[in-house]
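Colleague: Mind having a look at this structure? Questions to follow.
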Amino acid sequence: MSEPVLEIRNLDVDYGLGDRAVHAVRDVSLTLHRGEVLGLAGESGSGKSTLAYGLTRLLPPPGVITGGQVIYHPEKDSPYDVLALSDRKLREFRWAETAIVFQGAMNSLNPVHKISTQLTDVLRAHDPAMSEHSRNARAREMLKLVGISPDRMDAYPHQLSGGMRQRVMIGMALILQPQVVIMDEPTTALDVVMQRQILGQLIELRERLGFSVIFITHDLSLLVEFSNRIAIMYGGRIVEEAPASTIYRNALHPYSEGLLGSFPALRGPKRELAGIPGSPPDLAGMPSGCSFHPRCPKAFDPCPTTVPVLGPPADANAAGRTVACWLHPALENR
Amino acid sequence: ACGDSPNANNANANKAVDFLKIGMPNGTQTENHNPFAGTSSANALGYKWMIYEPLTQWNPVKPADPATPWLASSVKWADDYKSVDITVRDGATWSDGQKLTADDVAYTYTLIKGNDALNQYAVPYDQITVSGSNVKLTFKSSQFVNQNKILANTPIVPKHVWEKIADPATDTNKNPVGSGPYTLKSFTQAGVTLTVRDSGYWQDLPKVKELRYVSYADNSAQATALANGESEWSFVFIPNAQQTFVAKDPAHHKLWAPGVLGIHGLYINTTVKPFDDPKLRQAMNMVINRTDIFNQAEAGYFHPEIKSVTGLPPGAGDAFIAPEYKGKEFSVDIEGAKTLLAKSGYQLNGKTLTDPSGKPVKIKLSDPAPWSDYQTTLEILKSNFAEIGIEATVEKPNQDVWDANVQKGAFEATVRWTNGGATPYDIYQTVMDGDLLKPVGTASQQGNFGRFKSPEATAALKAYANATSDAERTEQMNKIQKVFVEQAPMLPIGADNVGAAYSDKNWTGWPTDADPYAGAQPTQPYALQIVLKLRPAGA
Amino acid sequence: MRYFLQRIAFYLFTAWAAITLNFFIPRLVPGDPVQSLIAKYRGQLSSEAIQSLYVLFGLDKQESLWQQYLDYWKQIFQGDLGLSFTFFPAPVSQVISQALPWTVLLVGITTIISFLLGTGLGVLAGWRRGSWADGLLPVTTFFSSVPYFWLGIIAIYLLAGPGSFFPSSGGFDSGLVPAWDQYFIPSAIQHSLLPALTILISSVSGWILSMRNMMVTVASEDYITVAHAKGLSERRVAVSYAARNALLPNVSGFALSLGFIVGGTLLVEIVFSYPGLGFTLLQALGAKDYPLMQGIFLVITISVLVANLLADVAYLLLDPRTRKEG
Amino acid sequence: MTIPTSSIEQVIPGQGSMAQPEEAHPTKRKRQRFTFVRNKKAAIGLVIFGVYVLFAIIGPWVAPYDPSARGDDLVQPPSAGHWLGTTHLGQDVFSQILVGTRSVMYVGLLAGVIATALSILVGVTSGYLGGKTDDVLSAFANVILVIPAVPLMIIITSILNNASDTLIALVIGLTSWSWNARVLRAQTLSLRRRDYIEASRATGEKTWRIIGFELLPNLTAVIASGFVGTVIFAVLSEITLAFIGIVSNNGWNWGTILFWAQGQQALAQSAWWWFVPAGLAIAFLGTALSLINFGIDEFVSPRLRSAGKTKLKTASGHTVRMRIGFTPVLSSAAAPTPVQREVAKLP
Amino acid sequence: MTSTKAPSGEVVLEAVGLTKHFPVRRRLRQILRKEHDAVHAVDDVHLTLRRGRVVALVGESGSGKSTVARLLAQLYPRTGGDIRLHGASTRVKGGRPFREYAARVQMIFQDPFASLNPVHTIRYHLTRALKIHGNAGSTADELEAALHDLLTRVSLTPPERYLDKFPHELSGGQRQRVAIARALGARPEALLADEPVSMLDVSIRLGVLNLLRDLKERLNLAILYITHDIASARYFADETLVMYAGRMVEGGDSETVTQAPAHPYTRLLIDSAPDPDRLTGDAGALEEDRGNGEPPSLIKPPSGCRFHPRCPAAMPRCSTDRPVPLEIGDAPGHWAACWLYDKAEAA
Ligand SMILES: Nc1ncnc2c1ncn2[C@@H]1O[C@H](COP(=O)(O)OP(=O)(O)OP(=O)(O)O)[C@@H](O)[C@H]1O
Ligand SMILES: Nc1ncnc2c1ncn2[C@@H]1O[C@H](COP(=O)(O)OP(=O)(O)OP(=O)(O)O)[C@@H](O)[C@H]1O
Ligand SMILES: [Mg+2]
Ligand SMILES: [Mg+2]
């Protein structure tokens with residue numbers, strides 16, 4: 001878990017142009033390591049999806065990437081910036097290196113094509129030399145892998161249940177054996193049984209195939225359980241990033257703390273739920289300084305004026321974690 | 001390779017000009033060569049007269065001239081015009097080779113007599129007898145006014161073919177066998193091609209080897225075709241014909257439109273006040289600018305301007321004008337009209353004329369919208385009437401509505417035509433015949449739409465039709481004209497014409513003012529006379 | 001079963017109502033075929049001919065409207081449409097079958113071309129929204145708002161005429177006889193070019209517009225983004241993903257417009273003297289030719305209903321979602 | 001007859017899965033109210049349409065001549081005296097067009113209103129109520145649909161003696177609503193099971209209120225584009241009827257001008273000024289209406305509403321187009337940004 | 001409010017043997033065979049809502065939870081069974097009776113994005129809810145006060161900031177609170193809340209749940225709380241019912257059901273719920289093979305116990321006999337529909 005696959009550096013994403021622009025992602029830097037599951041959580045509207053789609057330039061208009069780099073480290077070659085790729089190169093890069101499972105599987109599948117067509121056309125696009133037969137064989141294999149009987153190959157999306165569709169998407173994401181899989185709330189609409197089934201399969205596959213995952217969800221318990229590291233976003237920025245267990249037991253940023261104090265536990269004694277006071281910030285008119293300060297119970301002098309920088313906190317001894325909070329100023333902030 | 005194609009020789013034939021392109025603006029056609037059916041393609045395009053021939057030919061341009069014998073070698077009417085003796089020409093054969101005999105002639109008239117649907121002119125046939133090459137027809141009443149309709153407008157058909165036909169009225173006569181110089185070559189919905197017979201025609205065969213009839217969708221399509229030479233002969237109204245047709249090829253594009261004994265004029269509903277007053281009608285008659293109408297509405301040719309106050313067209317009508325009206329011509333006389341009106345109790349206050357009861361005089365002029373020459377005429381009439389303070393409005397009802405209203409007498413004034421014939425009788429009868437008078441609201445199909453009541457005119461018309469001597473006819477005709485001029489039940493405007501627009505680029509020999517040997521409409525019996533006279537240009 | 005019976009009943013009812021209306025409406029117009037014929041010839045036909053025409057057309061017998069209506073249905077069930085008055089005594093079926101091929105070929109082919117072209121351009125305009133292709137729209141809109149008879153007349157004036165490649169009227173050269181040979185077919189095609197062009201120019205923009213709007217809508221669907229994410233070629237995304245989905249409403253519109261082919265082009269046929277059904281219908285209208293009118297209306301009614309059915313079927317075929325449970 | 005109908009989906013604002021709550025912005029909504037005018041196409045359309053309306057009102061007063069008055073200059077080309085030349089009767093073509101505008105606009109708009117009202121009545125009611133009512137109403141609409149409109153109009157106008165503009169508008173309106181009714185019905189069917197309709201029912205709303213206040217506002221775009229389509233169709237129909245000489249009214253409209261021009265073979269006489277302007281007048285009116293239609297579509301449907309510019313400049317000076325699937329990158333790729341973070345300054 | 005005075009625990013709404021089958025369109029073949037298929041969305045459901053108590057309904061997606069809520073709101077006609085309001089059987093379809101029913105039983109729809117009309121402001125939505133049920137007061141001021149009161153109650157403060165916004169200008173959580181406010185506007189006795197917090201992040205989710213709990217206590221509401229989040233059911237609901245494939249399989253007080261699940265399906269559900277204390281790596285440990293894990297077809301539901309194809313403890317009789325609710329005995333009122341707890345079987 002040392003070598004990085006994807007390095008996001010100072011990514012800025014806006015919706016719209018000029019002074020009406022909404023800065024949905026601000027100066028985000030994040031590193032995904034080979035083989036890990038990186039969880040991404042945070043307020044709704046904090047820019048998680050924007051970040052995920054911005055990586056491969058898939059944001060719909062009026063999304064604009066205004067700055068930053070996304071450095072991809074292929075297994076063999078030297079690293080390169082994804083955002084600087086030509087259209088043709090970007091197309092080759094997509095799916096082969098980074099696949100995305102979108103928020104609603106219901107809408108991710110083309111309703112008028114059979115799932116077999118949708119599975120194989122990825123292969124056709126990225127490996128034109130492949131024979132029809134081996135394409136089909138590969139598609140079958142993928143379906144089996146995600147636990148769908150291959151005889152459903154010729155089904156149309158609407159003939160599958162939500163869970164099955166979600167699994168088809170996961171299978172499709174893995175069909176080219178990419179290095180990175182981004183999953184945006186893949187299980188929100190599903191019941192817990194189905195959710196566990198799908199995630200279990202994913203983890204198992206990751207172990208077998210060795211890809212890395214960026215996993216976006218609101219469900220903190222799920223994240224704590226399934227991911228290696230967790231990054232918390234607030235107001236377009238990453239406010240804290242740490243190994244899952246560390247963050248669960250000892251969150252440093254008051255917002256992370258608030259989040260962890262808001263979800264009820266199913267097991268163990270009932271505990272008091274604290275919640276976070278106040279309401280989410282307005283992305284168009286973001287508070288100055290730390291954007292969380294108006295809601296922060298621990299806000300003090302520097303918070304309303306200066307933006308804290310994400311960095312390893314000097315005070316905490318745990319290595320490999322970063323936080324953007326004046327309570328735990330980063331080393332370089334001193 | 002393409003020997004079996006019906007178009008193979010046509011493509012070659014296109015090069016040498018041995019055919020004549022005749023057009024009519026009558027829309028699509030269905031194949032029907034029945035010469036008796038008014039709705040047949042043979043009738044609409046007129047080619048029935050190239051296949052079937054009448055007993056005589058008469059010249060509507062010179063209606064007073066005697067008819068030319070055609071299939072008949074001689075024709076002799078009784079003085080009372082209740083019977084006629086016909087000698088059938090020897091030597092005519094049907095296109096299937098059989099001889100044309102008196103039996104065929106008698107059969108044709110028997111057919112018409114026994115079949116109301118075929119009896120187009122409602123002629124009261126009585127006896128039809130054959131002896132040798134003679135046929136004698138007798139009638140239940142005097143047929144003086146119908147003489148040409150009976151002899152010159154009835155196609156003679158072969159008995160041996162027609163007696164096998166179950167219903168002659170509705171049969172489409174797929175393989176027409178006639179005595180004329182042409183036979184049917186092909187039919188399509190857009191046109192018909194006739195080809196000349198090899199032999200057996202009783203005269204010299206025409207020089208035109210092929211007649212190509214095309215049915216154009218409407219007047220403008222026909223006019224366009226004429227202008228660009230696609231069509232060489234047609235009868236159609238061409239707006240601004242000098243510019244749109246003649247000017248396109250001044251050397252060859254010709255218009256010839258001789259007037260005939262049938263006219264167009266403004267019918268006035270004489271039951272509507274104040275137009276029941278003949279003085280008012282006379283005044284209106286005096287302000288109509290017929291020259292403007294002739295030039296602007298009729299493109300300077302289509303309905304020849306009527307000059308004589310009797311309403312009789314120049315040329316064809318000249319011979320019939322009563323002595324007292326000889327040389328009396330219409331002229332726009334606004335002052336005269338005003339004086340006349342003032343004398344009769346009307347008052348002109350500024351721009352409004354009021355009748356003796358003090359009501360302003362207003363009149364609604366109506367004609368169907370698509371008839372643009374009538375419409376233009378109405379516009380001109382409207383401004384003419386305005387000169388004497390009559391406010392006219394122009395209405396454009398649908399053709400059927402208009403027709404129904406005119407028949408029922410539910411109109412104030414409308415431009416319409418009269419029947420036509422070999423004598424002015426048809427004109428005056430349409431306008432003034434008291435026998436046709438129906439109360440307002442009841443349709444009067446045959447005429448007298450203006451509900452004109454004149455026992456005098458009715459009696460004179462009846463006497464004219466049944467007269468047994470020319471002197472008596474002249475006397476009655478003079479009486480009729482007097483009523484017409486004095487009462488002005490209809491304000492005559494222009495004459496019907498039997499002319500054509502044609503091109504003499506390929507064929508010459510057309511009738512002209514100098515040699516008006518026949519009318520020039522391609523759909524009438526005399527069309528055959530023209531075709532027989534045509535010679536290749538330059539020959 | 002009930003569903004199918006209901007559909008069938010629905011179509012039958014529509015057909016019945018339309019045919020009934022087609023029977024009664026024309027008869028509300030004053031006048032009759034004979035009067036129309038006389039009026040049409042404006043003096044060329046003597047008024048004495050009236051009586052013989054009444055007899056000829058069989059209109060001398062007075063029958064109640066109700067009786068005529070019953071007779072009409074009897075005829076329809078016998079597959080007999082009666083005799084046309086305008087083309088007396090040609091049977092209506094003959095008149096229609098003579099005109100129908102022209103209309104179907106001219107309008108049918110142009111409708112198909114217009115649909116294909118318009119849809120193709122619409123795909124382009126929608127896919128490349130904001131590029132030059134969007135500038136196409138106001139131009140085509142302009143042409144679609146032009147009355148097409150006006151366009152046709154101007155086209156005739158400018159393009160047709162002596163020595164021109166384009167004939168100004170008719171369906172084929174006057175000297176030819178319809179036949180499948182090397183003289184007739186080129187001539188027929190040549191004659192159809194201008195009318196076809198007129199129809200095309202004025203109808204194509206409707207397709208462009210609706211297709212473009214659908215494309216814009218579909219292009220923002222998630223599965224399009226997914227298709228991009230999958231690294232598929234632009235063409236494949238545009239055609240197989242976006243256009244394929246955007247096509248659905250246009251296809252049902254197309255199926256319906258196929259139904260209107262038969263009656264929809266009255267004026268083009270008039271302006272170009274094209275021997276089709278629209279022109280025949282106008283003649284029938286002018287001549288009070290009830291049997292012919294009814295016959296043509298019947299053909300139109302049936303073809304629209306069939307097209308309706310086709311639209312349903314097309315949807316069923318193109319959209320697997322509707323195939324769900326039968 | 002292809003009326004540009006807006007598609008089923010495009011008009012339902014932001015119900016897709018990609019729909020995001022737009023952040024609250026009190027001033028923004030006010031600005032959006034004027035989006036319609038800000039749309040360039042719609043603005044141009046509105047301006048042209050405004051000019052037509054203006055002339056419909058003042059046309060007869062500002063016309064230099066009485067359109068029916070005969071003059072001495074017959075078939076004269078445009079000149080200072082007659083801007084658009086004269087007819088075969090010496091009438092002034094320009095005045096005819098000016099005066100004719102009123103009838104065209106009146107018939108077009110009135111017929112549009114009638115047809116739209118009917119299509120809403122039939123389409124929405126049958127779509128919302130369903131069941132027997134739906135069967136009866138949609139059968140009715142279908143019957144009207146299968147009867148070809150133009151011949152039907154020809155027949156009806158010929159029954160009516162001397163049809164006035166109002167009557168013609170009525171006839172056109174009464175015969176041309178069924179297509180829109182179909183579209184509206186389909187649209188209503190897709191709307192009526194929406195949660196917000198169910199929800200307002202669950203709140204206890206009355207049926208007519210649900211139709212009138214919950215459904216109809218969401219159909220605005222379809223109704224509006226249907227209205228625009230019908231107006232174009234009505235104008236073309238009126239002109240067509242006048243052109244083939246069916247309509248019997250006495251006033252002037254552009255169809256009458258074309259009727260006279262064609263009857264007199266204006267083009268064959270090279271009198272283009274007589275024939276061309278009326279056709280162009282129609283075409284521009286239609287274009288104006290379609291342009292407004294664009295505006296309506298984009299006004300009501302956020303998906304069509306372009307968010308400002310669609311083209312932008314990158315740091316390196318290239319222009320890129322906003323397009324789906326390839327988000328524009330504004331930072332210059334050639335000059336890689338330093339990987340080092342900029343350090344926030346402490347006060 | 002009158003309801004405040006009523007004793008807590010009184011039964012407000014009761015479902016007895018509630019059943020709903022949705023007919024499905026049939027293929028031709030099935031028509032010929034006279035097969036009548038239907039989605040057995042809800043079968044024989046018993047449920048009781050009491051004042052001041054929250055009943056949670058959990059279960060897999062598609063098990064019929066929303067359908068139960070809609071049936072209770074009388075938005076769907078029921079196929080069988082009975083709905084009793086204060087003990088009186090009711091069946092209303094529309095008109096005044098429906099509105100009277102709606103005044104007492106209100107529903108919050110599952111999807112806050114779909115259940116607010118995009119064209120209306122929050123003010124409109126709430127005003128309608130108040131007016132229909134006569135709670136709007138008689139003057140504009142009273143109405144304004146009532147609106148403020150509603151918004152304040154759902155913590156959308158200050159109310160002026162939200163009143164004139166359109167739904168799309170609100171975040172998901174805010175919309176869900178508007179939906180709740182709308183339901184409260186009718187001052188109902190029973191509130192059917194269908195996944196009112198599904199789309200929210202945990203902090204907002206907590207806010208909404210606290211709000212509902214507060215309302216329950218202050219207004220003595222009877223609440224049906226439908227959710228996938230079993231943990232929140234444990235915290236929020238007094239009683240929890242578990243549904244599987246259209247049937248109730250277990251019920252009892254929340255703590256017991258979540259901590260000591262009896263029915264194999266409930267156990268599966270509880271085991272599947274994410275547990276932060278179970279860290280990565282042992283995720284697969286739970287994975288036993290439970291068939292293909294697919295929910296059963298509701299058109300041809302499995303015979304006997306509908307869970308038997310996936311049940312690890314299935315017995316032969318499970319596939320034939322339909323289990324009846326059986327008392328478990330570990331806590332009062334805890335029951336499960338499972339043959340495992342059949343005393344006779346045990347014996
Ligand atoms: N087209 C757009 N125009 C303007 N703002 C937008 C647009 N799309 C998204 N946004 C804003 O950008 C911000 C980030 O959105 P994003 O979808 O990334 O949030 P998220 O973290 O994924 O939220 P969620 O958990 O609800 O999915 C949100 O505040 C949203 O309102
Ligand atoms: N109108 C309908 N017509 C036919 N089937 C329906 C209809 N509504 C729901 N169903 C079916 O009934 C079953 C139960 O649906 P319901 O919406 O009640 O499930 P749910 O438990 O609320 O699921 P979720 O947790 O996903 O909201 C599903 O199989 C669904 O497909
Ligand atoms: Mg998101
Ligand atoms: Mg639900």
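Identifiers in the structure tokens: chain A, B, ... in order shown; residue index from 1 per chain; ligand index from 1 in order shown.
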Using backbone DSSP assignments, extract all strand (DSSP E or B) residues from range 187-243 of chain E; output them as a ChimeraX atom specification.

Modeller: /E:190-194,222-226,239-243

Colleague: May I have the residues from that selection written out with N, CA, C and O atoms, as a PDB file, in the first residue's frame?

Modeller:
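selection31.pdb written:
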```pdb
ATOM      1  N   ALA E 190     -52.549  10.733  11.863  1.00  0.00           N
ATOM      2  CA  ALA E 190     -51.571   9.709  11.520  1.00  0.00           C
ATOM      3  C   ALA E 190     -50.702  10.212  10.384  1.00  0.00           C
ATOM      4  O   ALA E 190     -51.188  10.836   9.452  1.00  0.00           O
ATOM      5  N   LEU E 191     -49.414   9.920  10.496  1.00  0.00           N
ATOM      6  CA  LEU E 191     -48.475  10.367   9.476  1.00  0.00           C
ATOM      7  C   LEU E 191     -47.801   9.133   8.904  1.00  0.00           C
ATOM      8  O   LEU E 191     -47.279   8.303   9.653  1.00  0.00           O
ATOM      9  N   LEU E 192     -47.861   9.000   7.597  1.00  0.00           N
ATOM     10  CA  LEU E 192     -47.211   7.860   6.959  1.00  0.00           C
ATOM     11  C   LEU E 192     -45.955   8.388   6.288  1.00  0.00           C
ATOM     12  O   LEU E 192     -46.016   9.059   5.276  1.00  0.00           O
ATOM     13  N   ALA E 193     -44.805   8.107   6.894  1.00  0.00           N
ATOM     14  CA  ALA E 193     -43.558   8.675   6.390  1.00  0.00           C
ATOM     15  C   ALA E 193     -42.781   7.596   5.653  1.00  0.00           C
ATOM     16  O   ALA E 193     -42.282   6.663   6.255  1.00  0.00           O
ATOM     17  N   ASP E 194     -42.734   7.760   4.322  1.00  0.00           N
ATOM     18  CA  ASP E 194     -42.092   6.730   3.507  1.00  0.00           C
ATOM     19  C   ASP E 194     -40.637   7.139   3.249  1.00  0.00           C
ATOM     20  O   ASP E 194     -40.369   8.025   2.445  1.00  0.00           O
ATOM     21  N   ALA E 222     -49.533   9.662  15.396  1.00  0.00           N
ATOM     22  CA  ALA E 222     -49.208   8.257  15.125  1.00  0.00           C
ATOM     23  C   ALA E 222     -48.383   8.237  13.843  1.00  0.00           C
ATOM     24  O   ALA E 222     -48.788   8.815  12.858  1.00  0.00           O
ATOM     25  N   ILE E 223     -47.222   7.614  13.909  1.00  0.00           N
ATOM     26  CA  ILE E 223     -46.332   7.681  12.752  1.00  0.00           C
ATOM     27  C   ILE E 223     -45.983   6.288  12.252  1.00  0.00           C
ATOM     28  O   ILE E 223     -45.673   5.390  13.055  1.00  0.00           O
ATOM     29  N   LEU E 224     -46.069   6.140  10.934  1.00  0.00           N
ATOM     30  CA  LEU E 224     -45.526   4.931  10.317  1.00  0.00           C
ATOM     31  C   LEU E 224     -44.223   5.342   9.655  1.00  0.00           C
ATOM     32  O   LEU E 224     -44.191   6.224   8.809  1.00  0.00           O
ATOM     33  N   TYR E 225     -43.133   4.725  10.067  1.00  0.00           N
ATOM     34  CA  TYR E 225     -41.812   5.136   9.580  1.00  0.00           C
ATOM     35  C   TYR E 225     -41.216   4.008   8.744  1.00  0.00           C
ATOM     36  O   TYR E 225     -40.901   2.934   9.257  1.00  0.00           O
ATOM     37  N   ILE E 226     -41.129   4.268   7.462  1.00  0.00           N
ATOM     38  CA  ILE E 226     -40.618   3.241   6.557  1.00  0.00           C
ATOM     39  C   ILE E 226     -39.155   3.531   6.282  1.00  0.00           C
ATOM     40  O   ILE E 226     -38.788   4.675   5.999  1.00  0.00           O
ATOM     41  N   GLU E 239     -41.964   0.511  17.789  1.00  0.00           N
ATOM     42  CA  GLU E 239     -42.258  -0.850  17.374  1.00  0.00           C
ATOM     43  C   GLU E 239     -41.677  -1.013  15.971  1.00  0.00           C
ATOM     44  O   GLU E 239     -41.665  -0.079  15.180  1.00  0.00           O
ATOM     45  N   THR E 240     -41.183  -2.198  15.664  1.00  0.00           N
ATOM     46  CA  THR E 240     -40.625  -2.409  14.339  1.00  0.00           C
ATOM     47  C   THR E 240     -41.269  -3.628  13.694  1.00  0.00           C
ATOM     48  O   THR E 240     -41.458  -4.665  14.352  1.00  0.00           O
ATOM     49  N   LEU E 241     -41.653  -3.453  12.430  1.00  0.00           N
ATOM     50  CA  LEU E 241     -42.215  -4.573  11.688  1.00  0.00           C
ATOM     51  C   LEU E 241     -41.289  -4.875  10.521  1.00  0.00           C
ATOM     52  O   LEU E 241     -40.704  -3.970   9.934  1.00  0.00           O
ATOM     53  N   VAL E 242     -41.159  -6.133  10.193  1.00  0.00           N
ATOM     54  CA  VAL E 242     -40.281  -6.510   9.094  1.00  0.00           C
ATOM     55  C   VAL E 242     -41.120  -7.126   7.985  1.00  0.00           C
ATOM     56  O   VAL E 242     -41.974  -7.973   8.230  1.00  0.00           O
ATOM     57  N   MET E 243     -40.880  -6.663   6.778  1.00  0.00           N
ATOM     58  CA  MET E 243     -41.641  -7.183   5.637  1.00  0.00           C
ATOM     59  C   MET E 243     -40.724  -7.943   4.718  1.00  0.00           C
ATOM     60  O   MET E 243     -39.563  -7.559   4.512  1.00  0.00           O
TER      61      MET E 243
END
```

Colleague: Would you mind listing, as JSON, numbers by chain, all residues of chain A that have at least one atom within 8 Å of chain C, where only C-alpha atoms are what counts?

Modeller: {"A": [56, 58, 60, 90, 91, 92, 93, 94, 95, 99, 100, 102, 107, 108, 109, 110, 111, 112, 121, 122, 125, 126, 156, 158, 159]}

Colleague: Filtering to C-alpha atoms, could you give me those residues as a tab-separated table (two decimals), in the first residue's frame?

Modeller:
```tsv
chain	number	residue	atom	x	y	z
A	56	THR	CA	-11.67	11.85	-16.07
A	58	LEU	CA	-16.80	13.51	-17.40
A	60	PRO	CA	-21.58	17.64	-17.85
A	90	LEU	CA	-8.34	10.09	-23.09
A	91	ARG	CA	-10.78	7.70	-24.68
A	92	GLU	CA	-8.18	4.99	-24.63
A	93	PHE	CA	-7.41	5.80	-21.03
A	94	ARG	CA	-10.98	5.71	-19.89
A	95	TRP	CA	-12.29	2.40	-18.65
A	99	ALA	CA	-13.63	2.77	-14.62
A	100	ILE	CA	-16.57	4.43	-12.93
A	102	PHE	CA	-22.18	5.80	-11.44
A	107	ASN	CA	-29.79	5.25	-15.52
A	108	SER	CA	-26.29	4.08	-16.31
A	109	LEU	CA	-27.40	1.37	-18.65
A	110	ASN	CA	-28.70	2.21	-22.07
A	111	PRO	CA	-32.33	1.08	-21.96
A	112	VAL	CA	-32.48	0.03	-25.58
A	121	ASP	CA	-18.86	-2.74	-26.91
A	122	VAL	CA	-16.27	-1.71	-24.33
A	125	ALA	CA	-13.70	-0.10	-28.52
A	126	HIS	CA	-10.56	-0.88	-26.59
A	156	TYR	CA	-32.47	-5.72	-21.38
A	158	HIS	CA	-35.32	-3.11	-17.44
A	159	GLN	CA	-35.61	-6.85	-17.11
```

Colleague: Taking only C-alpha atoms and all ligand atoms into account, which residues are within 7 Å of ligand 4, as a VMD selection string?

Modeller: chain E and resid 61 to 62 65 to 66 110 194

Colleague: Take the residues from that selection and put them in a file with N, CA, C and O atoms, as a compact mmCIF listing (two decimals), in the first residue's frame.

Modeller:
```txt
# COMPACT_ATOMS: atom_id res chain seq x y z
N SER E 61 -35.90 -3.96 -0.52
CA SER E 61 -36.57 -3.08 -1.46
C SER E 61 -37.50 -3.91 -2.34
O SER E 61 -37.16 -5.02 -2.75
N GLY E 62 -38.63 -3.34 -2.60
CA GLY E 62 -39.62 -4.06 -3.39
C GLY E 62 -40.47 -5.00 -2.58
O GLY E 62 -41.26 -5.75 -3.14
N LYS E 65 -43.34 -2.04 1.02
CA LYS E 65 -43.48 -1.06 2.11
C LYS E 65 -44.23 0.18 1.64
O LYS E 65 -45.21 0.61 2.26
N SER E 66 -43.76 0.74 0.51
CA SER E 66 -44.42 1.94 0.01
C SER E 66 -45.86 1.64 -0.35
O SER E 66 -46.75 2.48 -0.16
N GLN E 110 -41.86 9.01 -0.65
CA GLN E 110 -40.50 8.50 -0.57
C GLN E 110 -39.47 9.46 -1.18
O GLN E 110 -38.41 9.66 -0.64
N ASP E 194 -42.73 7.76 4.32
CA ASP E 194 -42.09 6.73 3.51
C ASP E 194 -40.64 7.14 3.25
O ASP E 194 -40.37 8.03 2.45
```

Colleague: Hey, which residues come within 7 Å of ligand 3 if we count only C-alpha atoms and all ligand atoms? Could you give them as a list in words?

Modeller: Gly45, Lys48, Ser49, Gln103 and Asp184 of chain A

Colleague: Let's have the selection written as a short mmCIF file (atom, residue, chain, number, x, y, z; two decimals), in the first residue's frame, with C-alpha atoms.

Modeller:
```
data_model
loop_
_atom_site.label_atom_id
_atom_site.label_comp_id
_atom_site.auth_asym_id
_atom_site.auth_seq_id
_atom_site.Cartn_x
_atom_site.Cartn_y
_atom_site.Cartn_z
CA GLY A 45 -23.42 18.76 -2.07
CA LYS A 48 -17.80 14.29 -3.95
CA SER A 49 -19.39 13.34 -7.23
CA GLN A 103 -24.65 6.78 -8.79
CA ASP A 184 -20.32 6.78 -6.56
#
```

Colleague: Show me which residues are within 9 Å of ligand 2 counting only C-alpha atoms and all ligand atoms, and format the list as a ChimeraX atom specification.

Modeller: /A:162,189-191 /D:193 /E:20-24,38-42,58-70,76,110,194-195,226-228,243-246,297-299

Colleague: Just want the 8 Å neighbourhood of Ser203 in chain E, counted on only C-alpha atoms, with same-chain residues fewer than 3 positions away dropped. Output as a PyMOL selection string.

Modeller: (chain A and resi 43+258-259+262-263+275-276) or (chain E and resi 200+206-207)
